[in-house]
Amino acid sequence: MRGILLCFIFLSLPAQSQNFVGFDGYCGLPVIETSLKQGAIAYMDLQGNPSILIDPGILRDWNTEFTNFTLAHECAHHQLEHSTVEGRLERLVYPTVTVEQEFDADCEAGKLISANFGNDYLRQALRKLGRDFPGTNGYPSGHERVKNVVRCLVDAGLFVPKRRR
């Protein structure tokens, strides 16, 4: 119970922040620059106002394709209601829900990026994801996430993987 209380206290603290230049209003939500170990999170304040929190120090080294994929991923968490109190509680109570929610958000982000920027752009984002994310604290590895996005988009008829020569 103490862990749940601490989680809600942490998530209810106001961020010392400013809007992230170039991405304000991404998917209709404010994108707020603040110090974050995770890189980016779908955030919902105590009044139920959604936003995306993003760490500019971590994102400084990410390519534009991956930055857009990350923002689309966080948008998907909001759209899929993972950032609600119920969605956050599911992660705490059921260990496998974190992986399921991450895969679902990745799938929706892949669809959004593919539709708005094309599959070559998406491939660039997925290269970064597959290469640089080992997976920790119950989160899937980048390699697992890339396989999930490709499978999701192939199943939806939106993506044809390039054949290796």
# chains A, B, ... in the order shown; residues from 1 in each chain; ligands from 1

call {"tool": "select_by_dssp", "arguments": {"residues": "stretch 16-152 of chain A", "states": "alpha helix (DSSP H)", "output": "VMD selection string"}}
result
chain A and resid 56 to 59 64 to 79 85 to 93 97 to 117 119 to 132 142 to 152

call {"tool": "closest_atom_pairs", "arguments": {"of": "stretch 31-85 of chain A", "to": "stretch 110-115 of chain A", "cutoff": "9 Å", "atoms": "only C-alpha atoms", "output": "JSON lines"}}
result
{"residue": "A:Glu65", "atom": "CA", "partner": "A:Ile113", "partner_atom": "CA", "distance": 8.7}
{"residue": "A:Asn68", "atom": "CA", "partner": "A:Ile113", "partner_atom": "CA", "distance": 7.6}
{"residue": "A:Phe69", "atom": "CA", "partner": "A:Ile113", "partner_atom": "CA", "distance": 6.5}
{"residue": "A:Ala72", "atom": "CA", "partner": "A:Leu112", "partner_atom": "CA", "distance": 6.9}
{"residue": "A:His73", "atom": "CA", "partner": "A:Gly110", "partner_atom": "CA", "distance": 8.1}

call {"tool": "write_last_selection", "arguments": {"atoms": "C-alpha atoms", "output": "compact mmCIF listing (two decimals), in the first residue's frame"}}
result
# COMPACT_ATOMS: atom_id res chain seq x y z
CA GLU A 65 12.30 9.67 -36.22
CA ASN A 68 8.42 11.25 -33.02
CA PHE A 69 7.90 7.53 -32.36
CA ALA A 72 3.39 8.87 -30.60
CA HIS A 73 3.94 6.02 -28.11

call {"tool": "residues_around", "arguments": {"residues": "A:Ala105", "least_positions_apart": "6", "cutoff": "8 Å", "atoms": "only C-alpha atoms", "output": "PDB file with C-alpha atoms, in the first residue's frame"}}
result
ATOM      1  CA  HIS A  73       3.941   6.018 -28.112  1.00  0.00           C
ATOM      2  CA  GLU A  74       3.114   8.291 -25.163  1.00  0.00           C
ATOM      3  CA  ALA A  76      -1.070   6.012 -27.467  1.00  0.00           C
ATOM      4  CA  HIS A  77      -0.787   5.389 -23.709  1.00  0.00           C
ATOM      5  CA  LEU A  80      -5.535   3.479 -24.656  1.00  0.00           C
TER       6      LEU A  80
END

call {"tool": "closest_residue", "arguments": {"among": "A:Leu89, A:Cys152, A:Leu36, A:Cys107", "to": "A:Pro56", "atoms": "only C-alpha atoms"}}
result
A:Leu36

call {"tool": "closest_residue", "arguments": {"among": "A:Phe66, A:Phe133, A:Phe103, A:Tyr94", "to": "A:Gln38", "atoms": "only C-alpha atoms"}}
result
A:Phe133
